[in-house]
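> Sharing a structure with you now.
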Amino acid sequence: MQQSAGQGLPHTRTRGVHWISTAAALGAVVAAVALVQPADASPGKPAAAGSPSAAAGGAPAAPVAPPDPDAASYPLKCADGMPTDVISKVSGDLDGDGRPETAVVVRCHTETGTPPSGVYVLSAPKAPGGPPRIAVTLVKPEDNRQIGNFRLEGRILKATVLGFSSDQVPQCCPDLSRSYSWEWRGDRYVALPGPAGNTV
């Protein structure tokens with residue numbers, strides 16, 4: 001699966017022209033990954049143990065706990081060995097396979113400043129008792145974005161993605177805003193951007 005911070009952390013500032021192309025970039029990244037749905041959940045195969053249809057006699061199985069975001073490892077390069085912070089999280093059956101996923105907004109911990117965020121979808125561990133695995137990266141930290149209003153509506157992830165029109169805009173105060181939705185279609189997440197370049 002594809003895996004891909006704050007004061008004192010290196011940032012790659014994106015210029016206004018790059019912000020306009022964010023929709024295409026995010027869409028390409030997400031569409032290039034084939035993804036959360038596990039092999040044993042393909043059409044025509046029996047439901048996996050623990051899924052709602054797997055219980056004897058068709059009775060509902062016990063609820064499956066969503067992946068714990070605090071137990072996952074994230075591919076952020078934080079300065080001075082700083083840990084990562086889970087800023088927002090939502091859980092639900094995002095891909096319709098009967099098992100919950102957890103979507104998270106994560107950034108490097110800092111006492112001052114506003115590090116860029118990454119957005120990840122976590123799925124169940126490969127082995128019982130193991131850590132959740134990152135199924136897909138929806139927003140890469142190196143793109144220097146901040147995420148607000150992160151939420152789940154039905155099975156659709158939604159957020160406000162904040163960015164910068166130039167290198168001169170302070171890291172604390174992004175001046176561009178764009179709404180995004182991520183929806184599972186077939187075998188992948190599709191990024192659905194709102195209007196480009198709204199000023200904060």
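Residue numbers start at 1 in each chain; chains themselves are named A, B, ... in the order of the structure tokens; ligands are numbered from 1 in the order shown.
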Near region 78-84 of chain A, counting only C-alpha atoms, which residues have an atom at most 6 Å away, once you skip same-chain residues fewer than 2 positions from it, shown as a list in words?

Leu9, Leu76, Arg107, Cys108 and His109 of chain A

> If you keep C-alpha atoms, can you produce a file of those selected residues as a compact mmCIF listing (two decimals), in the first residue's frame?


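Writing done, so here's selection_12.txt:
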```txt
# COMPACT_ATOMS: atom_id res chain seq x y z
CA LEU A 9 10.39 21.84 10.90
CA LEU A 76 5.82 11.51 8.98
CA ARG A 107 0.69 15.74 12.13
CA CYS A 108 3.97 16.04 13.99
CA HIS A 109 3.70 17.13 17.61
```

> Would you work out the distance separating CA of Pro170 (chain A) from CA of Asp143 (chain A), expressed in Å to one decimal?

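Going from CA of Pro170 (chain A) over to CA of Asp143 (chain A) covers 15.4 Å.
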
> If we count only C-alpha atoms and set the cut-off at 6 Å, which residues sit around region 155-168 of chain A, ignoring sequence neighbours fewer than 6 positions away in its own chain? Please answer as a short mmCIF file (atom, residue, chain, number, x, y, z; two decimals) with all heavy atoms, in the first residue's frame.


```cif
data_model
loop_
_atom_site.label_atom_id
_atom_site.label_comp_id
_atom_site.auth_asym_id
_atom_site.auth_seq_id
_atom_site.Cartn_x
_atom_site.Cartn_y
_atom_site.Cartn_z
N ARG A 13 6.92 24.77 0.64
CA ARG A 13 5.80 25.64 0.39
C ARG A 13 5.32 25.47 -1.04
O ARG A 13 6.11 25.35 -1.97
CB ARG A 13 6.19 27.09 0.63
CG ARG A 13 6.13 27.47 2.09
CD ARG A 13 4.70 27.24 2.62
NE ARG A 13 4.58 27.69 3.98
CZ ARG A 13 4.38 28.97 4.31
NH1 ARG A 13 4.30 29.90 3.40
NH2 ARG A 13 4.26 29.31 5.57
N ARG A 15 3.23 26.97 -4.27
CA ARG A 15 2.83 28.25 -4.83
C ARG A 15 1.39 28.19 -5.32
O ARG A 15 0.80 27.14 -5.45
CB ARG A 15 3.77 28.64 -5.96
CG ARG A 15 5.22 28.76 -5.48
CD ARG A 15 6.13 29.26 -6.59
NE ARG A 15 7.51 29.32 -6.09
CZ ARG A 15 8.01 30.33 -5.41
NH1 ARG A 15 7.24 31.36 -5.12
NH2 ARG A 15 9.25 30.32 -4.99
N GLY A 16 0.82 29.38 -5.62
CA GLY A 16 -0.57 29.46 -6.02
C GLY A 16 -0.90 28.57 -7.21
O GLY A 16 -1.93 27.93 -7.25
N LEU A 94 -16.12 2.28 5.31
CA LEU A 94 -15.94 3.20 4.20
C LEU A 94 -16.04 2.52 2.84
O LEU A 94 -16.44 3.14 1.85
CB LEU A 94 -14.59 3.91 4.31
CG LEU A 94 -14.33 4.66 5.62
CD1 LEU A 94 -12.97 5.32 5.58
CD2 LEU A 94 -15.42 5.69 5.88
N ARG A 145 -0.34 20.88 3.64
CA ARG A 145 -1.75 21.24 3.77
C ARG A 145 -2.17 21.15 5.24
O ARG A 145 -1.60 20.36 6.01
CB ARG A 145 -2.63 20.31 2.94
CG ARG A 145 -2.31 20.32 1.45
CD ARG A 145 -2.77 21.61 0.80
NE ARG A 145 -2.55 21.57 -0.63
CZ ARG A 145 -1.62 22.29 -1.27
NH1 ARG A 145 -0.82 23.09 -0.58
NH2 ARG A 145 -1.51 22.22 -2.58
N GLN A 146 -3.17 21.92 5.61
CA GLN A 146 -3.81 21.79 6.90
C GLN A 146 -5.25 21.38 6.67
O GLN A 146 -5.85 21.71 5.65
CB GLN A 146 -3.69 23.11 7.68
CG GLN A 146 -2.23 23.47 7.99
CD GLN A 146 -2.08 24.82 8.64
OE1 GLN A 146 -3.00 25.32 9.29
NE2 GLN A 146 -0.93 25.44 8.47
N ILE A 147 -5.80 20.64 7.63
CA ILE A 147 -7.11 20.02 7.44
C ILE A 147 -8.07 20.51 8.51
O ILE A 147 -7.76 20.49 9.71
CB ILE A 147 -7.01 18.48 7.51
CG1 ILE A 147 -5.94 17.96 6.54
CG2 ILE A 147 -8.36 17.84 7.22
CD1 ILE A 147 -6.21 18.24 5.08
N GLY A 148 -9.24 20.93 8.09
CA GLY A 148 -10.28 21.36 9.02
C GLY A 148 -11.60 20.69 8.71
O GLY A 148 -11.81 20.15 7.63
N ASN A 149 -12.50 20.72 9.70
CA ASN A 149 -13.86 20.21 9.53
C ASN A 149 -13.88 18.79 8.97
O ASN A 149 -14.66 18.47 8.07
CB ASN A 149 -14.66 21.15 8.61
CG ASN A 149 -16.16 20.94 8.73
OD1 ASN A 149 -16.66 20.41 9.72
ND2 ASN A 149 -16.90 21.36 7.71
N PRO A 174 -2.82 29.83 6.73
CA PRO A 174 -3.10 29.53 5.33
C PRO A 174 -4.18 30.45 4.78
O PRO A 174 -5.13 30.79 5.48
CB PRO A 174 -3.56 28.07 5.37
CG PRO A 174 -4.00 27.83 6.78
CD PRO A 174 -3.13 28.70 7.62
N ASP A 175 -4.02 30.85 3.51
CA ASP A 175 -4.95 31.82 2.94
C ASP A 175 -5.81 31.25 1.82
O ASP A 175 -6.56 32.00 1.18
CB ASP A 175 -4.18 33.05 2.45
CG ASP A 175 -3.19 32.74 1.34
OD1 ASP A 175 -2.80 31.55 1.20
OD2 ASP A 175 -2.78 33.67 0.62
N LEU A 176 -5.71 29.97 1.56
CA LEU A 176 -6.55 29.33 0.56
C LEU A 176 -7.30 28.17 1.19
O LEU A 176 -6.78 27.46 2.06
CB LEU A 176 -5.71 28.82 -0.61
CG LEU A 176 -5.03 29.88 -1.48
CD1 LEU A 176 -4.19 29.23 -2.56
CD2 LEU A 176 -6.05 30.82 -2.09
N SER A 177 -8.52 27.97 0.73
CA SER A 177 -9.38 26.93 1.30
C SER A 177 -10.12 26.22 0.17
O SER A 177 -10.57 26.86 -0.78
CB SER A 177 -10.38 27.57 2.26
OG SER A 177 -11.35 26.63 2.68
N ARG A 178 -10.22 24.91 0.31
CA ARG A 178 -10.95 24.14 -0.70
C ARG A 178 -11.61 22.94 -0.03
O ARG A 178 -10.99 22.24 0.77
CB ARG A 178 -9.98 23.65 -1.78
CG ARG A 178 -10.68 23.08 -3.00
CD ARG A 178 -9.68 22.85 -4.11
NE ARG A 178 -10.33 22.61 -5.38
CZ ARG A 178 -9.70 22.44 -6.52
NH1 ARG A 178 -8.39 22.50 -6.55
NH2 ARG A 178 -10.37 22.22 -7.64
N SER A 179 -12.85 22.71 -0.33
CA SER A 179 -13.54 21.54 0.22
C SER A 179 -13.18 20.30 -0.60
O SER A 179 -12.95 20.38 -1.80
CB SER A 179 -15.05 21.76 0.21
OG SER A 179 -15.52 21.93 -1.13
N TYR A 180 -13.11 19.16 0.10
CA TYR A 180 -12.83 17.89 -0.55
C TYR A 180 -13.73 16.81 0.00
O TYR A 180 -14.09 16.82 1.19
CB TYR A 180 -11.37 17.46 -0.33
CG TYR A 180 -10.44 17.90 -1.43
CD1 TYR A 180 -9.82 19.14 -1.36
CD2 TYR A 180 -10.19 17.09 -2.53
CE1 TYR A 180 -8.97 19.56 -2.37
CE2 TYR A 180 -9.34 17.50 -3.53
CZ TYR A 180 -8.73 18.73 -3.45
OH TYR A 180 -7.90 19.15 -4.46
N SER A 181 -14.08 15.87 -0.86
CA SER A 181 -14.73 14.64 -0.45
C SER A 181 -13.94 13.48 -1.03
O SER A 181 -13.36 13.59 -2.11
CB SER A 181 -16.18 14.57 -0.98
OG SER A 181 -16.96 15.63 -0.46
N TRP A 182 -13.91 12.37 -0.28
CA TRP A 182 -13.29 11.14 -0.76
C TRP A 182 -14.32 10.03 -0.65
O TRP A 182 -14.84 9.76 0.42
CB TRP A 182 -12.05 10.79 0.05
CG TRP A 182 -10.93 11.76 -0.12
CD1 TRP A 182 -9.94 11.73 -1.06
CD2 TRP A 182 -10.66 12.92 0.69
NE1 TRP A 182 -9.08 12.79 -0.89
CE2 TRP A 182 -9.49 13.54 0.17
CE3 TRP A 182 -11.29 13.49 1.80
CZ2 TRP A 182 -8.95 14.69 0.73
CZ3 TRP A 182 -10.76 14.64 2.35
CH2 TRP A 182 -9.60 15.22 1.82
N GLU A 183 -14.57 9.39 -1.78
CA GLU A 183 -15.62 8.38 -1.84
C GLU A 183 -15.07 7.09 -2.43
O GLU A 183 -14.32 7.11 -3.42
CB GLU A 183 -16.77 8.91 -2.69
CG GLU A 183 -17.96 7.97 -2.79
CD GLU A 183 -19.10 8.56 -3.59
OE1 GLU A 183 -19.03 9.77 -3.93
OE2 GLU A 183 -20.05 7.83 -3.89
#
```

> What's the 7 Å shell around Val119 (chain A), counting only C-alpha atoms, without same-chain residues fewer than 3 positions away, as an NGL selection string?

:A and (104-106 or 137-140)

> Report the distance between CA of Val90 (chain A) and CA of Gly154 (chain A) in Å, rounded to one decimal place.

11.2 Å

> Smallest atom-to-atom distance to Gly98 (chain A): which of A:Ala191, A:Pro141, A:Ala135, A:Val64, using only C-alpha atoms?

A:Val64

> So, counting only C-alpha atoms, which residue among A:Glu111, A:Asp85, A:Glu101, A:Asp95 is closest to Pro66 (chain A)?

A:Glu101

> Name the closest residue to Arg133 (chain A) among the candidates A:Val86, A:Cys173, A:Ala103, A:Leu192; distances are taken between atoms, counting only C-alpha atoms.

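Ranking A:Val86, A:Cys173, A:Ala103, A:Leu192 by distance to Arg133 (chain A), first place goes to A:Ala103.
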